[in-house]
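Source file: run.txt; contents: compact mmCIF, C-alpha atoms.
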```txt
# COMPACT_ATOMS: atom_id res chain seq x y z
CA MET M 1 108.23 82.88 60.49
CA ASP M 2 111.84 83.34 59.49
CA ARG M 3 113.53 85.99 61.64
CA ARG M 4 116.93 85.85 60.01
CA ILE M 5 118.24 89.11 58.63
CA ILE M 6 120.44 88.55 55.58
CA LEU M 7 122.75 91.48 55.08
CA CYS M 8 124.76 91.15 51.90
CA GLY M 9 126.21 88.90 49.27
CA ASN M 10 129.82 88.33 48.33
CA SER M 11 130.14 90.32 45.14
CA GLN M 12 132.48 93.31 45.10
CA LYS M 13 129.56 95.54 44.05
CA GLU M 14 127.51 94.48 47.09
CA LYS M 15 130.49 94.97 49.43
CA THR M 16 131.13 98.45 48.06
CA LEU M 17 127.44 99.34 48.44
CA LEU M 18 127.46 98.07 52.03
CA LYS M 19 130.57 100.09 52.86
CA ARG M 20 129.01 103.22 51.34
CA LYS M 21 125.72 102.71 53.22
CA LEU M 22 127.49 102.30 56.54
CA GLY M 23 129.91 105.16 55.95
CA HIS M 24 132.59 102.87 57.35
CA THR M 25 136.24 103.83 57.26
CA MET M 26 137.87 100.68 58.60
CA GLU M 27 140.55 99.21 56.38
CA LYS M 28 139.45 95.65 57.13
CA GLU M 29 135.67 95.30 57.03
CA TRP M 30 134.86 92.20 59.08
CA TYR M 31 131.18 92.53 58.23
CA HIS M 32 131.82 91.36 54.66
CA ASP M 33 131.80 87.86 56.16
CA LEU M 34 128.72 88.50 58.31
CA THR M 35 125.80 86.52 56.89
CA GLY M 36 123.12 87.74 59.27
CA PHE M 37 121.68 87.94 62.76
CA ASP M 38 119.42 85.39 64.43
CA ILE M 39 117.25 85.90 67.47
CA PHE M 40 118.73 83.81 70.26
CA PRO M 41 116.23 81.09 71.26
CA PHE M 42 114.45 81.80 74.55
CA HIS M 43 116.11 85.24 74.83
CA ARG M 44 114.26 87.64 72.54
CA ASN M 45 116.56 90.54 73.47
CA CYS M 46 119.68 88.72 72.29
CA LEU M 47 120.96 88.32 68.76
CA VAL M 48 123.54 85.95 67.36
CA ALA M 49 125.70 87.37 64.58
CA TRP M 50 127.06 84.77 62.16
CA VAL M 51 130.55 85.67 60.96
CA GLY M 52 132.78 83.27 59.07
CA GLY M 53 135.99 83.23 57.11
CA HIS M 54 138.49 86.05 57.45
CA GLY M 55 135.86 88.28 59.09
CA ALA M 56 135.72 85.94 62.08
CA LEU M 57 139.47 86.38 62.55
CA LEU M 58 139.13 90.14 62.34
CA THR M 59 136.40 90.26 65.00
CA GLU M 60 138.74 88.61 67.49
CA LYS M 61 141.12 91.55 67.18
CA LEU M 62 138.55 94.35 67.38
CA ASP M 63 137.62 95.99 70.65
CA CYS M 64 134.09 95.41 71.93
CA GLN M 65 133.05 99.03 71.46
CA THR M 66 133.86 98.87 67.74
CA LEU M 67 131.93 95.62 67.33
CA LYS M 68 128.94 97.04 69.22
CA SER M 69 128.98 100.16 67.08
CA ASP M 70 129.36 98.21 63.83
CA CYS M 71 126.55 95.78 64.68
CA HIS M 72 124.27 98.61 65.76
CA ASN M 73 124.96 100.49 62.52
CA LEU M 74 124.25 97.39 60.45
CA LEU M 75 120.97 96.73 62.22
CA GLN M 76 119.90 100.38 61.90
CA ARG M 77 120.66 100.41 58.16
CA PHE M 78 119.00 97.11 57.28
CA TYR M 79 116.13 96.96 59.74
CA LEU M 80 114.53 100.31 59.08
CA LYS M 81 111.06 99.66 60.52
CA ARG M 82 112.09 99.96 64.17
CA HIS M 83 114.33 101.99 66.39
CA ILE M 84 117.25 99.76 67.40
CA PRO M 85 118.45 100.53 70.93
CA PRO M 86 122.20 100.68 71.56
CA ILE M 87 123.85 97.31 72.13
CA GLU M 88 124.66 96.84 75.81
CA THR M 89 126.94 93.81 75.79
CA ILE M 90 128.78 91.61 73.32
CA HIS M 91 129.92 88.08 74.08
CA ARG M 92 132.06 86.69 71.31
CA THR M 93 133.84 83.47 70.68
CA LYS M 94 137.51 83.49 69.87
CA TRP M 95 137.89 80.12 68.24
CA HIS M 96 140.91 81.05 66.18
CA SER M 97 143.03 82.47 68.99
CA ASN M 98 141.99 79.79 71.50
CA SER M 99 145.00 77.46 71.69
CA LEU M 100 142.75 74.46 72.35
CA ILE M 101 140.55 75.03 69.32
CA LYS M 102 142.42 77.09 66.70
CA GLY M 103 139.29 77.57 64.61
CA ALA M 104 138.77 73.85 64.05
CA TYR M 105 135.50 72.02 63.89
CA SER M 106 134.55 68.39 63.63
CA TYR M 107 132.27 66.45 61.39
CA ARG M 108 130.84 62.99 61.17
CA THR M 109 130.20 60.62 58.35
CA ALA M 110 126.79 59.18 57.61
CA PRO M 111 125.02 57.12 58.83
CA PHE M 112 124.60 58.64 62.27
CA ASP M 113 124.28 56.23 65.22
CA MET M 114 121.57 57.69 67.46
CA CYS M 115 122.98 55.93 70.54
CA LEU M 116 125.82 58.49 70.52
CA GLN M 117 123.31 60.98 71.89
CA ASP M 118 122.61 58.82 74.95
CA PRO M 119 124.50 59.51 78.20
CA ILE M 120 127.08 57.08 79.50
CA TRP M 121 125.93 56.12 83.00
CA SER M 122 128.02 55.54 86.12
CA LYS M 123 127.63 52.55 88.43
CA GLU M 124 125.62 54.84 90.72
CA ASP M 125 123.14 55.43 87.89
CA LYS M 126 124.28 59.02 87.32
CA PRO M 127 125.05 60.51 83.90
CA LEU M 128 128.83 60.25 83.71
CA LEU M 129 129.51 61.47 80.17
CA LEU M 130 127.39 63.24 77.58
CA PHE M 131 128.60 64.17 74.12
CA ALA M 132 127.59 67.39 72.39
CA GLY M 133 128.81 69.47 69.50
CA GLU M 134 128.19 69.85 65.79
CA ALA M 135 129.19 66.23 65.16
CA TYR M 136 126.38 65.07 67.47
CA SER M 137 123.53 66.95 65.87
CA TYR M 138 121.27 64.63 63.91
CA SER M 139 119.99 67.22 61.44
CA HIS M 140 122.53 70.09 61.53
CA TYR M 141 125.91 68.41 61.83
CA ALA M 142 129.04 70.45 61.04
CA THR M 143 127.29 73.74 61.87
CA ALA M 144 127.36 76.16 64.78
CA HIS M 145 123.62 75.87 65.29
CA GLY M 146 123.98 72.07 65.32
CA ALA M 147 126.55 72.40 68.11
CA TYR M 148 124.22 74.74 70.00
CA GLU M 149 121.24 72.40 69.50
CA SER M 150 123.07 69.29 70.68
CA GLY M 151 124.48 71.13 73.71
CA ARG M 152 121.02 72.37 74.62
CA ASP M 153 119.60 68.85 74.22
CA GLN M 154 122.28 67.29 76.42
CA ALA M 155 121.84 70.01 79.06
CA SER M 156 118.10 69.29 78.99
CA LYS M 157 118.86 65.61 79.71
CA LEU M 158 120.89 66.64 82.77
CA VAL M 159 118.06 68.84 84.02
CA LYS M 160 115.57 65.99 83.53
CA TRP M 161 117.88 63.57 85.35
CA ARG M 162 118.29 66.05 88.21
CA LYS M 163 114.49 66.38 88.50
CA GLY M 164 114.13 62.58 88.44
CA ILE M 165 112.37 62.49 85.07
CA LEU M 166 115.15 60.70 83.14
```
What would you get if you wrote out this structure as C-alpha cells?
Amino acid sequence: MDRRIILCGNSQKEKTLLKRKLGHTMEKEWYHDLTGFDIFPFHRNCLVAWVGGHGALLTEKLDCQTLKSDCHNLLQRFYLKRHIPPIETIHRTKWHSNSLIKGAYSYRTAPFDMCLQDPIWSKEDKPLLLFAGEAYSYSHYATAHGAYESGRDQASKLVKWRKGIL
C-alpha cells in the first residue's frame, strides 16, 4: 500500500489553488517545492517531508514554529479523513547552509560494483570503514531515500558484527 501523500503539481494554477486553500500569507511559499510526506520506516508517528529546489533553501531560513504550522495545515487540508494532531517536533536538514555540503549530492555511473557495499576490515577483524550514501544504493542511487537505505543497511551490518552474526 502506497502511503505517500502527493500535495500539488507545478503549474501556476495549482500553486494559486494551494495558496488559497491554505489561506497562507507568506511572500515565499516553500511548500510549492514540497512533493509529499512519507511515513518514516519503523516510526509510524514520524513523517518525512520531501522539499526540493528553492523551497528547500527557504525552509532553512524559517523558524521551526512556522514550519510546524505550515506542515500541520497542509496535512489537515489534504488528509481530511482523520484529525491530525499538532506537530511536536521538527528535525530538518540544512544541506545548503552547511559549509561541508552546500546542497551537493553525489552520483555514480553504471555498472555498480556490489563489493563497494562491503566493509573494509581491520587487521583485528573489525569493520574499519563502511561506505553509505545515495551513490552506494543499488536501486535508488542519487536520491535521498537511497542515501537513507544505504545508511540503514550499513548500520545493520555494524549491529550484526557487534552481535557476532557478521
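Closest approach to Asp38 in chain M among M:Gly146, M:Trp50, M:Ser69, M:Asp153 is made by M:Trp50 (distances from all atoms listed in the file).
Across the model, the gap from CA of His140 in chain M to CA of Gly55 in chain M is 22.7 Å.
Nearest to Trp95 in chain M of all the residues M:Glu60, M:Asp113, M:Glu29, M:Glu124 is M:Glu60, counting only C-alpha atoms.
Of the residues listed (M:Pro86, M:Gln117, M:Leu34, M:Lys157), M:Leu34 shows the shortest atom-to-atom separation from Leu57 in chain M; distances use all atoms listed in the file.
With only C-alpha atoms as the atoms that count, the residue of M:Cys46, M:Leu130, M:Ala142, M:Ala56 with the shortest distance to Trp30 in chain M is M:Ala56.
Here CA of His72 in chain M stands at a distance of 10.2 Å from CA of Glu88 in chain M.
The shortest atom-to-atom distance to His96 in chain M, with all atoms listed in the file taken into account, belongs to M:Thr59 out of M:Ser139, M:Thr35, M:Thr59, M:Ser156.
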Fewer than 4 positions away in the same chain doesn't count, so skip those; otherwise give me all residues within 10 Å of Ile90 in chain M, counting only C-alpha atoms, as a ChimeraX atom specification. /M:46-48,64-65,67-68,71
Save the residues we just selected, C-alpha atoms, as a PDB file, keeping the file's coordinate frame?
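part.pdb was written with the following content:
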```pdb
ATOM      1  CA  CYS M  46     119.680  88.720  72.290  1.00  0.00           C
ATOM      2  CA  LEU M  47     120.960  88.320  68.760  1.00  0.00           C
ATOM      3  CA  VAL M  48     123.540  85.950  67.360  1.00  0.00           C
ATOM      4  CA  CYS M  64     134.090  95.410  71.930  1.00  0.00           C
ATOM      5  CA  GLN M  65     133.050  99.030  71.460  1.00  0.00           C
ATOM      6  CA  LEU M  67     131.930  95.620  67.330  1.00  0.00           C
ATOM      7  CA  LYS M  68     128.940  97.040  69.220  1.00  0.00           C
ATOM      8  CA  CYS M  71     126.550  95.780  64.680  1.00  0.00           C
TER       9      CYS M  71
END
```
Protein, DNA and RNA residues within 8 Å of (128.2, 64.5, 67.5), only C-alpha atoms, as a ChimeraX atom specification: /M:107-108,116-117,131-138,141,150
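From CA of Leu158 in chain M back to CA of Phe37 in chain M, the distance works out to 29.2 Å.
Candidate residues M:Ile87, M:Leu129, M:Leu100, M:Cys115 were compared for distance to Asn73 in chain M, and the nearest is M:Ile87, using only C-alpha atoms.
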Return as JSON the box centre and box size in Å, one decimal, for an axis-aligned box around all listed atoms of range 53-63 of chain M padded by 3 Å per side.
```
{"center_x": 138.4, "center_y": 89.6, "center_z": 63.9, "size_x": 11.4, "size_y": 18.8, "size_z": 19.5}
```
